[in-house]
file input.txt (compact mmCIF, C-alpha atoms (C1' of nucleotides))
# COMPACT_ATOMS: atom_id res chain seq x y z
CA MET F 1 -0.11 -67.17 68.42
CA PRO F 2 -2.55 -66.20 65.68
CA ARG F 3 -6.15 -65.55 66.53
CA ALA F 4 -8.81 -68.08 65.75
CA GLY F 5 -11.37 -65.48 64.76
CA LEU F 6 -14.16 -66.70 66.98
CA SER F 7 -17.39 -64.96 67.86
CA GLU F 8 -20.49 -65.77 69.83
CA GLY F 9 -22.21 -66.87 66.66
CA ARG F 10 -19.36 -69.13 65.62
CA VAL F 11 -19.28 -70.84 69.01
CA VAL F 12 -23.02 -71.37 69.05
CA GLU F 13 -23.00 -72.77 65.53
CA GLU F 14 -20.32 -75.28 66.39
CA ALA F 15 -22.22 -76.30 69.51
CA GLU F 16 -25.38 -76.78 67.46
CA GLN F 17 -23.60 -78.95 64.94
CA LEU F 18 -22.07 -81.02 67.69
CA ALA F 19 -25.44 -81.41 69.38
CA ASP F 20 -27.16 -82.52 66.20
CA GLU F 21 -24.42 -85.05 65.52
CA GLY F 22 -25.32 -86.63 68.82
CA GLY F 23 -22.10 -85.71 70.57
CA VAL F 24 -21.90 -84.68 74.17
CA VAL F 25 -22.17 -80.91 74.15
CA THR F 26 -19.32 -79.99 76.39
CA LEU F 27 -17.17 -76.91 76.38
CA ALA F 28 -14.14 -79.17 76.00
CA ALA F 29 -15.53 -80.77 72.84
CA ILE F 30 -16.53 -77.42 71.34
CA ALA F 31 -13.16 -75.89 72.07
CA ALA F 32 -11.40 -78.86 70.50
CA ARG F 33 -13.47 -78.55 67.34
CA LEU F 34 -12.68 -74.86 67.15
CA GLY F 35 -8.97 -75.45 67.70
CA VAL F 36 -8.91 -73.40 70.84
CA ARG F 37 -8.49 -73.89 74.60
CA VAL F 38 -11.54 -74.14 76.80
CA PRO F 39 -11.23 -70.85 78.73
CA SER F 40 -11.07 -68.94 75.46
CA LEU F 41 -14.73 -69.73 74.92
CA TYR F 42 -15.60 -67.55 77.88
CA LYS F 43 -14.59 -64.54 75.81
CA HIS F 44 -17.65 -65.21 73.64
CA VAL F 45 -20.24 -66.95 75.80
CA ALA F 46 -20.88 -66.56 79.49
CA GLY F 47 -20.63 -70.24 80.28
CA SER F 48 -22.24 -73.57 79.69
CA ASP F 49 -25.73 -72.58 80.80
CA ALA F 50 -25.71 -69.36 78.79
CA LEU F 51 -24.62 -71.30 75.71
CA GLN F 52 -27.51 -73.74 76.15
CA GLN F 53 -29.82 -70.78 76.41
CA LEU F 54 -28.52 -69.25 73.19
CA ILE F 55 -28.95 -72.54 71.36
CA ALA F 56 -32.47 -72.91 72.73
CA THR F 57 -33.59 -69.46 71.63
CA ARG F 58 -32.15 -69.88 68.16
CA ALA F 59 -33.72 -73.32 67.87
CA LYS F 60 -37.14 -72.05 68.85
CA ASN F 61 -36.91 -69.33 66.25
CA GLU F 62 -35.80 -71.73 63.58
CA LEU F 63 -38.60 -74.14 64.41
CA ALA F 64 -41.10 -71.31 64.28
CA ASP F 65 -39.74 -70.34 60.86
CA VAL F 66 -39.98 -73.87 59.55
CA LEU F 67 -43.54 -74.31 60.77
CA GLY F 68 -44.52 -70.91 59.46
CA ARG F 69 -43.13 -71.62 56.01
CA ALA F 70 -44.82 -75.02 55.96
CA SER F 71 -48.24 -73.66 56.77
CA VAL F 72 -48.27 -70.51 54.69
CA GLY F 73 -51.22 -70.45 52.34
CA ARG F 74 -52.84 -73.50 53.88
CA ALA F 75 -55.79 -73.90 56.21
CA ARG F 76 -57.46 -76.48 58.42
CA ALA F 77 -56.57 -80.06 57.55
CA ASP F 78 -53.97 -78.94 55.03
CA ALA F 79 -52.26 -76.67 57.50
CA VAL F 80 -52.27 -79.23 60.28
CA GLU F 81 -50.81 -81.89 58.05
CA ALA F 82 -48.09 -79.60 56.72
CA ILE F 83 -47.16 -78.42 60.18
CA ALA F 84 -47.06 -81.93 61.58
CA TRP F 85 -44.71 -83.26 58.93
CA ALA F 86 -42.50 -80.19 59.06
CA TYR F 87 -42.32 -80.44 62.83
CA ARG F 88 -41.35 -84.08 62.82
CA ARG F 89 -38.87 -83.60 60.03
CA TRP F 90 -37.05 -80.72 61.62
CA ALA F 91 -36.98 -82.45 65.00
CA THR F 92 -35.53 -85.67 63.65
CA GLU F 93 -33.01 -83.88 61.47
CA HIS F 94 -31.87 -81.67 64.35
CA PRO F 95 -32.30 -83.77 67.47
CA GLY F 96 -29.85 -81.81 69.54
CA ARG F 97 -31.36 -78.46 68.80
CA TYR F 98 -34.86 -79.82 69.11
CA ALA F 99 -34.18 -81.09 72.62
CA THR F 100 -33.28 -77.60 73.79
CA THR F 101 -36.61 -76.39 72.47
CA LEU F 102 -38.51 -78.06 75.26
CA ARG F 103 -37.11 -76.31 78.26
CA ALA F 104 -39.47 -73.70 79.61
CA PRO F 105 -38.48 -70.18 78.60
CA VAL F 106 -36.61 -68.50 81.39
CA PRO F 107 -38.91 -65.69 82.49
CA ASP F 108 -36.35 -62.89 82.38
CA ASP F 109 -35.04 -63.66 78.90
CA ALA F 110 -37.13 -61.58 76.51
CA ALA F 111 -35.64 -63.08 73.35
CA ASP F 112 -36.34 -66.60 74.57
CA LEU F 113 -39.90 -65.72 75.53
CA ALA F 114 -40.53 -64.11 72.16
CA ALA F 115 -39.20 -67.15 70.33
CA SER F 116 -41.47 -69.44 72.31
CA GLU F 117 -44.43 -67.23 71.54
CA ARG F 118 -43.68 -67.26 67.82
CA ALA F 119 -43.73 -71.03 67.58
CA ILE F 120 -46.98 -71.32 69.47
CA GLN F 121 -48.54 -68.59 67.38
CA VAL F 122 -48.04 -70.57 64.19
CA VAL F 123 -49.99 -73.45 65.67
CA LEU F 124 -52.69 -71.12 66.93
CA ASP F 125 -53.01 -69.57 63.49
CA ALA F 126 -53.36 -72.96 61.88
CA LEU F 127 -56.16 -73.85 64.26
CA ASN F 128 -57.85 -70.58 63.50
CA GLY F 129 -59.55 -72.14 60.51
CA TYR F 130 -61.43 -74.45 62.84
CA GLY F 131 -63.10 -71.50 64.47
CA LEU F 132 -61.62 -72.23 67.84
CA THR F 133 -61.28 -69.40 70.30
CA GLY F 134 -60.53 -68.93 73.96
CA ALA F 135 -60.31 -72.03 76.11
CA ALA F 136 -61.10 -74.35 73.22
CA ALA F 137 -58.19 -72.95 71.22
CA ILE F 138 -55.84 -73.31 74.16
CA ASP F 139 -56.90 -76.90 74.71
CA ALA F 140 -56.53 -77.73 71.05
CA THR F 141 -53.09 -76.12 70.85
CA ARG F 142 -51.91 -78.03 73.87
CA MET F 143 -53.29 -81.22 72.38
CA LEU F 144 -51.53 -80.65 69.08
CA ARG F 145 -48.21 -79.76 70.66
CA ALA F 146 -48.38 -82.68 73.06
CA THR F 147 -49.13 -85.13 70.29
CA LEU F 148 -46.40 -83.92 67.97
CA HIS F 149 -43.80 -83.63 70.69
CA GLY F 150 -44.72 -86.98 72.17
CA PHE F 151 -44.26 -88.73 68.88
CA VAL F 152 -40.91 -87.26 68.01
CA ALA F 153 -39.64 -87.55 71.56
CA LEU F 154 -40.50 -91.22 71.85
CA ASP F 155 -39.08 -91.76 68.40
CA ALA F 156 -35.84 -90.01 69.29
CA ALA F 157 -35.56 -92.02 72.49
CA GLY F 158 -35.97 -95.19 70.49
CA ALA F 159 -39.02 -96.02 72.52
CA PHE F 160 -40.93 -97.18 69.46
CA GLY F 161 -39.96 -100.26 67.60
CA LEU F 162 -38.26 -99.37 64.39
CA PRO F 163 -40.55 -100.13 61.49
CA ASP F 164 -43.39 -98.23 59.86
CA LEU F 165 -42.98 -94.98 61.72
CA ASP F 166 -44.13 -92.94 58.75
CA ARG F 167 -47.32 -94.95 58.48
CA SER F 168 -48.01 -94.56 62.20
CA PHE F 169 -47.37 -90.83 61.96
CA ALA F 170 -49.69 -90.49 59.00
CA ARG F 171 -52.42 -92.32 60.92
CA LEU F 172 -51.79 -90.03 63.84
CA ILE F 173 -52.30 -86.97 61.67
CA ALA F 174 -55.48 -88.41 60.25
CA GLY F 175 -56.67 -89.01 63.77
CA LEU F 176 -55.86 -85.43 64.68
CA GLN F 177 -58.05 -84.22 61.86
CA VAL F 178 -60.99 -86.24 63.16
CA MET F 179 -60.34 -84.91 66.62
CA LEU F 180 -60.25 -81.30 65.50
CA GLU F 181 -63.36 -81.62 63.34
CA SER F 182 -65.34 -82.66 66.37
CA TRP F 183 -63.63 -80.29 68.78
CA PRO F 184 -66.25 -78.50 70.89
CA THR F 185 -66.17 -74.74 70.61
CA MET C 186 -16.03 -97.16 111.95
CA PRO C 187 -19.51 -98.68 112.17
CA ARG C 188 -21.19 -99.86 109.00
CA ALA C 189 -23.95 -97.89 107.36
CA GLY C 190 -25.93 -100.98 106.40
CA LEU C 191 -26.33 -100.16 102.76
CA SER C 192 -27.50 -102.38 99.95
CA GLU C 193 -28.25 -102.00 96.28
CA GLY C 194 -31.91 -101.47 97.07
CA ARG C 195 -31.20 -98.81 99.65
CA VAL C 196 -28.95 -96.88 97.27
CA VAL C 197 -31.48 -97.04 94.45
CA GLU C 198 -34.29 -95.92 96.75
CA GLU C 199 -32.34 -92.90 97.89
CA ALA C 200 -31.50 -92.01 94.30
CA GLU C 201 -35.16 -92.29 93.33
CA GLN C 202 -36.21 -90.01 96.15
CA LEU C 203 -33.57 -87.50 95.22
CA ALA C 204 -34.61 -87.61 91.57
CA ASP C 205 -38.27 -87.07 92.37
CA GLU C 206 -37.42 -84.15 94.64
CA GLY C 207 -35.86 -82.52 91.60
CA GLY C 208 -32.32 -82.69 92.86
CA VAL C 209 -29.34 -83.41 90.67
CA VAL C 210 -28.88 -87.16 90.83
CA THR C 211 -25.18 -87.37 91.46
CA LEU C 212 -23.23 -90.01 93.31
CA ALA C 213 -21.93 -87.27 95.58
CA ALA C 214 -25.45 -86.19 96.54
CA ILE C 215 -26.60 -89.75 97.13
CA ALA C 216 -23.57 -90.59 99.23
CA ALA C 217 -24.09 -87.46 101.33
CA ARG C 218 -27.72 -88.37 101.99
CA LEU C 219 -26.69 -91.87 103.02
CA GLY C 220 -23.95 -90.58 105.30
CA VAL C 221 -21.23 -92.34 103.39
CA ARG C 222 -18.30 -91.52 101.13
CA VAL C 223 -18.73 -91.70 97.37
CA PRO C 224 -16.53 -94.72 96.59
CA SER C 225 -18.49 -96.81 99.07
CA LEU C 226 -21.43 -96.72 96.70
CA TYR C 227 -19.44 -98.81 94.24
CA LYS C 228 -19.76 -101.73 96.63
CA HIS C 229 -23.47 -101.79 95.81
CA VAL C 230 -23.92 -100.38 92.32
CA ALA C 231 -21.56 -100.64 89.38
CA GLY C 232 -21.45 -96.92 88.69
CA SER C 233 -23.54 -93.98 87.65
CA ASP C 234 -24.85 -95.51 84.43
CA ALA C 235 -25.75 -98.79 86.07
CA LEU C 236 -27.62 -96.92 88.78
CA GLN C 237 -29.62 -95.02 86.16
CA GLN C 238 -30.41 -98.32 84.56
CA LEU C 239 -31.67 -99.81 87.81
CA ILE C 240 -33.88 -96.82 88.45
CA ALA C 241 -35.24 -96.99 84.91
CA THR C 242 -36.17 -100.65 85.13
CA ARG C 243 -37.86 -100.23 88.50
CA ALA C 244 -39.71 -97.17 87.22
CA LYS C 245 -41.01 -98.97 84.15
CA ASN C 246 -42.27 -101.79 86.31
CA GLU C 247 -43.93 -99.42 88.73
CA LEU C 248 -45.58 -97.51 85.91
CA ALA C 249 -46.80 -100.76 84.41
CA ASP C 250 -48.27 -101.72 87.80
CA VAL C 251 -50.01 -98.39 88.20
CA LEU C 252 -51.52 -98.53 84.72
CA GLY C 253 -52.51 -102.14 85.19
CA ARG C 254 -54.28 -101.43 88.46
CA ALA C 255 -56.03 -98.43 86.96
CA SER C 256 -57.43 -100.33 84.02
CA VAL C 257 -58.42 -103.59 85.66
CA GLY C 258 -62.05 -104.38 85.07
CA ARG C 259 -62.53 -101.57 82.58
CA ALA C 260 -62.80 -101.52 78.82
CA ARG C 261 -62.73 -99.14 75.89
CA ALA C 262 -63.43 -95.53 76.83
CA ASP C 263 -63.41 -96.36 80.53
CA ALA C 264 -60.05 -98.07 80.30
CA VAL C 265 -58.46 -95.34 78.22
CA GLU C 266 -59.64 -92.64 80.57
CA ALA C 267 -58.44 -94.49 83.65
CA ILE C 268 -55.05 -95.21 82.11
CA ALA C 269 -54.61 -91.65 80.95
CA TRP C 270 -55.26 -90.11 84.34
CA ALA C 271 -53.16 -92.72 86.14
CA TYR C 272 -50.31 -92.15 83.70
CA ARG C 273 -50.34 -88.40 84.12
CA ARG C 274 -50.70 -88.64 87.87
CA TRP C 275 -47.81 -90.99 88.36
CA ALA C 276 -45.60 -89.04 86.00
CA THR C 277 -46.22 -85.70 87.70
CA GLU C 278 -45.85 -87.18 91.17
CA HIS C 279 -42.59 -88.90 90.26
CA PRO C 280 -40.96 -86.68 87.66
CA GLY C 281 -37.47 -87.99 88.22
CA ARG C 282 -38.40 -91.63 87.90
CA TYR C 283 -40.70 -90.90 84.99
CA ALA C 284 -37.91 -89.28 83.03
CA THR C 285 -35.84 -92.45 83.21
CA THR C 286 -38.77 -94.34 81.74
CA LEU C 287 -38.27 -92.83 78.32
CA ARG C 288 -34.83 -94.07 77.46
CA ALA C 289 -34.91 -96.97 75.08
CA PRO C 290 -34.38 -100.31 76.78
CA VAL C 291 -30.81 -101.45 76.43
CA PRO C 292 -31.00 -104.55 74.25
CA ASP C 293 -28.90 -106.82 76.45
CA ASP C 294 -30.73 -106.08 79.69
CA ALA C 295 -33.49 -108.68 79.94
CA ALA C 296 -35.10 -107.15 83.02
CA ASP C 297 -35.29 -103.76 81.36
CA LEU C 298 -36.75 -105.19 78.19
CA ALA C 299 -39.35 -107.13 80.14
CA ALA C 300 -40.37 -104.04 82.08
CA SER C 301 -40.79 -102.04 78.88
CA GLU C 302 -42.90 -104.81 77.42
CA ARG C 303 -45.16 -104.92 80.48
CA ALA C 304 -46.04 -101.25 80.29
CA ILE C 305 -46.81 -101.41 76.60
CA GLN C 306 -48.88 -104.52 77.07
CA VAL C 307 -51.25 -102.73 79.41
CA VAL C 308 -51.96 -100.16 76.74
CA LEU C 309 -52.38 -102.84 74.11
CA ASP C 310 -54.85 -104.69 76.33
CA ALA C 311 -56.86 -101.55 76.86
CA LEU C 312 -57.11 -101.00 73.12
CA ASN C 313 -58.18 -104.57 72.67
CA GLY C 314 -61.78 -103.61 73.28
CA TYR C 315 -61.70 -101.50 70.16
CA GLY C 316 -61.04 -104.58 68.06
CA LEU C 317 -57.73 -103.31 66.81
CA THR C 318 -55.18 -105.81 65.66
CA GLY C 319 -51.93 -105.85 63.76
CA ALA C 320 -50.75 -102.60 62.25
CA ALA C 321 -53.80 -100.70 63.42
CA ALA C 322 -53.12 -101.71 67.01
CA ILE C 323 -49.49 -100.68 66.73
CA ASP C 324 -50.44 -97.32 65.28
CA ALA C 325 -53.02 -96.72 67.97
CA THR C 326 -50.64 -97.70 70.75
CA ARG C 327 -48.01 -95.36 69.44
CA MET C 328 -50.58 -92.61 69.16
CA LEU C 329 -51.76 -93.12 72.71
CA ARG C 330 -48.27 -93.26 74.16
CA ALA C 331 -47.16 -90.24 72.19
CA THR C 332 -50.12 -88.20 73.30
CA LEU C 333 -49.82 -89.07 76.95
CA HIS C 334 -46.08 -88.66 77.06
CA GLY C 335 -46.21 -85.43 75.12
CA PHE C 336 -48.66 -83.90 77.53
CA VAL C 337 -46.84 -84.80 80.71
CA ALA C 338 -43.44 -83.98 79.22
CA LEU C 339 -44.47 -80.53 78.10
CA ASP C 340 -46.19 -80.03 81.42
CA ALA C 341 -43.10 -81.08 83.35
CA ALA C 342 -40.94 -78.79 81.24
CA GLY C 343 -43.26 -75.93 82.06
CA ALA C 344 -43.92 -75.51 78.35
CA PHE C 345 -47.62 -74.95 78.92
CA GLY C 346 -48.90 -71.90 80.62
CA LEU C 347 -50.00 -72.73 84.10
CA PRO C 348 -53.78 -72.66 84.31
CA ASP C 349 -56.47 -75.17 83.46
CA LEU C 350 -54.23 -78.11 82.78
CA ASP C 351 -56.79 -80.57 84.09
CA ARG C 352 -59.42 -79.20 81.76
CA SER C 353 -57.08 -79.41 78.78
CA PHE C 354 -56.15 -82.95 79.71
CA ALA C 355 -59.80 -83.95 80.05
CA ARG C 356 -60.48 -82.50 76.61
CA LEU C 357 -57.51 -84.40 75.28
CA ILE C 358 -58.88 -87.66 76.62
CA ALA C 359 -62.28 -86.95 75.13
CA GLY C 360 -60.56 -86.30 71.82
CA LEU C 361 -58.70 -89.57 72.09
CA GLN C 362 -62.00 -91.39 72.49
CA VAL C 363 -63.30 -89.85 69.28
CA MET C 364 -60.10 -90.75 67.52
CA LEU C 365 -60.21 -94.35 68.67
CA GLU C 366 -63.90 -94.79 67.81
CA SER C 367 -63.12 -93.88 64.22
CA TRP C 368 -59.79 -95.69 64.04
CA PRO C 369 -59.63 -97.78 60.86
CA THR C 370 -59.11 -101.46 61.42
C1' DA T 371 3.75 -44.30 61.48
C1' DC T 372 3.16 -44.82 66.09
C1' DC T 373 1.06 -45.41 70.34
C1' DG T 374 -2.61 -47.04 73.43
C1' DC T 375 -6.04 -49.95 74.63
C1' DA T 376 -9.68 -53.26 74.31
C1' DA T 377 -10.35 -57.78 72.79
C1' DA T 378 -8.89 -62.49 72.25
C1' DG T 379 -6.11 -65.89 73.03
C1' DC T 380 -3.26 -68.39 76.64
C1' DT T 381 -1.63 -70.90 81.34
C1' DA T 382 -2.51 -71.91 86.01
C1' DA T 383 -5.38 -72.91 89.66
C1' DT T 384 -9.84 -74.26 91.99
C1' DA T 385 -13.80 -76.95 92.56
C1' DC T 386 -16.72 -80.22 91.20
C1' DT T 387 -17.89 -84.86 88.99
C1' DG T 388 -17.00 -90.14 88.36
C1' DT T 389 -13.91 -93.98 88.75
C1' DT T 390 -10.22 -97.30 90.23
C1' DA T 391 -6.80 -99.24 93.46
C1' DG T 392 -5.76 -100.73 97.58
C1' DC T 393 -6.15 -100.73 102.82
C1' DC T 394 -8.46 -102.07 107.13
C1' DA T 395 -12.09 -103.15 110.17
C1' DA T 396 -16.45 -105.59 110.75
C1' DA T 397 -19.42 -109.23 110.12
C1' DT T 398 -19.84 -113.90 109.04
C1' DA T 399 -18.37 -118.89 108.29
C1' DA T 400 -15.54 -122.80 109.43
C1' DT R 401 -11.15 -118.94 117.64
C1' DT R 402 -9.60 -118.28 113.29
C1' DA R 403 -10.26 -117.49 108.25
C1' DT R 404 -12.72 -115.25 104.78
C1' DT R 405 -15.67 -112.33 102.73
C1' DT R 406 -17.78 -107.92 102.89
C1' DG R 407 -18.38 -102.91 103.41
C1' DG R 408 -16.59 -99.03 104.60
C1' DC R 409 -12.42 -95.87 104.01
C1' DT R 410 -8.33 -92.82 101.86
C1' DA R 411 -5.60 -91.68 97.97
C1' DA R 412 -5.09 -90.84 93.34
C1' DC R 413 -6.46 -89.84 88.52
C1' DA R 414 -9.18 -88.20 84.74
C1' DG R 415 -12.66 -85.12 82.93
C1' DT R 416 -15.65 -81.14 83.38
C1' DA R 417 -16.75 -76.00 84.30
C1' DT R 418 -15.09 -71.78 85.97
C1' DT R 419 -12.16 -67.78 87.47
C1' DA R 420 -7.92 -65.04 87.69
C1' DG R 421 -4.47 -63.07 85.59
C1' DC R 422 -0.94 -62.71 81.83
C1' DT R 423 0.41 -61.75 76.93
C1' DT R 424 -0.24 -60.57 72.44
C1' DT R 425 -2.88 -59.18 68.69
C1' DG R 426 -4.91 -55.76 65.99
C1' DC R 427 -7.57 -51.75 65.54
C1' DG R 428 -8.50 -46.47 66.24
C1' DG R 429 -6.86 -42.07 67.11
C1' DT R 430 -3.29 -38.78 67.05
call {"tool": "encode", "arguments": {"input": "input.txt", "output": "structure tokens"}}
result
Amino acid sequence: MPRAGLSEGRVVEEAEQLADEGGVVTLAAIAARLGVRVPSLYKHVAGSDALQQLIATRAKNELADVLGRASVGRARADAVEAIAWAYRRWATEHPGRYATTLRAPVPDDAADLAASERAIQVVLDALNGYGLTGAAAIDATRMLRATLHGFVALDAAGAFGLPDLDRSFARLIAGLQVMLESWPT
Amino acid sequence: MPRAGLSEGRVVEEAEQLADEGGVVTLAAIAARLGVRVPSLYKHVAGSDALQQLIATRAKNELADVLGRASVGRARADAVEAIAWAYRRWATEHPGRYATTLRAPVPDDAADLAASERAIQVVLDALNGYGLTGAAAIDATRMLRATLHGFVALDAAGAFGLPDLDRSFARLIAGLQVMLESWPT
DNA sequence: ACCGCAAAGCTAATACTGTTAGCCAAATAA
DNA sequence: TTATTTGGCTAACAGTATTAGCTTTGCGGT
């Protein structure tokens, strides 16, 4: 029996693809796609939970990259708008990976913690232009994350009616600008 | 063998309790708590999915009730503030039931659709005082739902650091007021 | 070139989950 | 009292994750 040439990375990639295609992310499904039996996967990942964790960490890093690239060279309203659209776009294009992004970082996983930090830092940097520091910056970051996540999450769940989502999102961003302009320091 | 005296309502209640206690909502766990074997549950609910559906519909109705009670007799800023705090409170006190609230209503379930409508209507009524109609009202409703859901979802996931959540939420509400005051009609 | 060994696949077995079929006793209706 | 419906049960099956243990591949060292 020839080897399939798997690796941790290969398994995680396949799981990510499967997740983003909306399939049920099960070891059985992943193994089938890789042309391998289920227990063979355990030679590369420690189990279902560990696999989820790997996907989550990679997703957080990728999201941080996307947001960082979107906001580079921009400030204030420009930066917020760019980040918002990039965030929504990545989340809707990668719903499976995005969903893993939300779970709290497990406290003993340094890589996961670092990835979470990176994503938040991009938002904090963008808000820097508004002169927010300390508690005000924390509040504003939480507000921004909550708003963006809430929109894409409700969208993904189909909780909104279908039409005019882009218009609603644009209005939302405009509203965020107003909010941030008047944010107390 | 004496009967356990179950009913659809009793099964759903137990599942709701289990969900809000953070347990894994599994037929096995529910049956154990009710002192009954798993297949017996099928005499009262049509299966795992159907049970989820029942919980979801009841949860949407309860949330609509809570928001409705909170906003009665209030308008504009008052109404928004009351709804926001009631929403967050109910969601954090009933995390399991709240989570079921987010799934899109299944199109052929009239009760579920009606429940979803009720909850949205409360928000729409509250925004009525701002003179929003048509597209503007839709945008504002989506914004409000997204913001509230985003905050409680990230909170529930532990995605925020622990401290000062009430302060951040209060700031968020204040920001929403500003946003709504300047919302274009 | 050969051996040895770690890595990578496999089968088999266990323990969960949900689900269906079919039995039997208990409550209820005639 | 008898007939029927109802609500519990056991048994069986399918799907999932996981572990144990076996075999073979393929690479590194001699």
call {"tool": "closest_atom_pairs", "arguments": {"input": "input.txt", "of": "chain T", "to": "chain C", "cutoff": "12 Å", "atoms": "all atoms listed in the file", "output": "CSV"}}
result
residue,atom,partner,partner_atom,distance
T:DC386,C1',C:Ala213,CA,9.8
T:DT387,C1',C:Thr211,CA,8.1
T:DG388,C1',C:Ser233,CA,7.6
T:DT389,C1',C:Gly232,CA,8.1
T:DT390,C1',C:Pro224,CA,9.3
T:DA391,C1',C:Pro224,CA,11.2
T:DC394,C1',C:Met186,CA,10.2
T:DA395,C1',C:Met186,CA,7.4
T:DA396,C1',C:Arg188,CA,7.6
T:DA397,C1',C:Arg188,CA,9.6
call {"tool": "interface_residues", "arguments": {"input": "input.txt", "of": "chain F", "to": "chain C", "cutoff": "8 Å", "atoms": "all atoms listed in the file", "output": "ChimeraX atom specification"}}
result
/F:102-105,138-140,142-143,145-151,153-154,157-160,167-169,171-172,175-176,178-179,183
call {"tool": "residues_near_point", "arguments": {"input": "input.txt", "point": "(-38.6, -96.9, 88.4)", "cutoff": "8 Å", "atoms": "all atoms listed in the file", "output": "PyMOL selection string"}}
result
chain C and resi 201+239-248+282-283+285-286
call {"tool": "closest_residue", "arguments": {"input": "input.txt", "among": "C:Ile305, C:Ala249, C:Leu226, C:Ala295", "to": "chain R", "atoms": "all atoms listed in the file"}}
result
C:Leu226
call {"tool": "atom_distance", "arguments": {"input": "input.txt", "atom1": "atom CA of F:Glu117", "atom2": "atom CA of F:His94"}}
result
20.4 Å
call {"tool": "interface_residues", "arguments": {"input": "input.txt", "of": "chain R", "to": "chain F", "cutoff": "12 Å", "atoms": "all atoms listed in the file", "output": "VMD selection string"}}
result
chain R and resid 415 to 420 423 to 426
call {"tool": "write_last_selection", "arguments": {"input": "input.txt", "atoms": "C-alpha atoms (C1' of nucleotides)", "output": "PDB file, keeping the file's coordinate frame"}}
result
ATOM      1  C1'  DG R 415     -12.660 -85.120  82.930  1.00  0.00           C
ATOM      2  C1'  DT R 416     -15.650 -81.140  83.380  1.00  0.00           C
ATOM      3  C1'  DA R 417     -16.750 -76.000  84.300  1.00  0.00           C
ATOM      4  C1'  DT R 418     -15.090 -71.780  85.970  1.00  0.00           C
ATOM      5  C1'  DT R 419     -12.160 -67.780  87.470  1.00  0.00           C
ATOM      6  C1'  DA R 420      -7.920 -65.040  87.690  1.00  0.00           C
ATOM      7  C1'  DT R 423       0.410 -61.750  76.930  1.00  0.00           C
ATOM      8  C1'  DT R 424      -0.240 -60.570  72.440  1.00  0.00           C
ATOM      9  C1'  DT R 425      -2.880 -59.180  68.690  1.00  0.00           C
ATOM     10  C1'  DG R 426      -4.910 -55.760  65.990  1.00  0.00           C
TER      11       DG R 426
END
call {"tool": "atom_distance", "arguments": {"input": "input.txt", "atom1": "atom CA of F:Val45", "atom2": "atom CA of F:Asp20"}}
result
19.6 Å
call {"tool": "atom_distance", "arguments": {"input": "input.txt", "atom1": "atom CA of C:Gly253", "atom2": "atom CA of C:Leu317"}}
result
19.1 Å
call {"tool": "residues_around", "arguments": {"input": "input.txt", "residues": "T:DT398", "least_positions_apart": "4", "cutoff": "10 Å", "atoms": "all atoms listed in the file", "output": "list in words"}}
result
DT404, DT405 and DT406 of chain R
call {"tool": "closest_residue", "arguments": {"input": "input.txt", "among": "F:Leu18, F:Ala77, F:Ala29, F:Val12", "to": "F:Leu51", "atoms": "all atoms listed in the file"}}
result
F:Val12
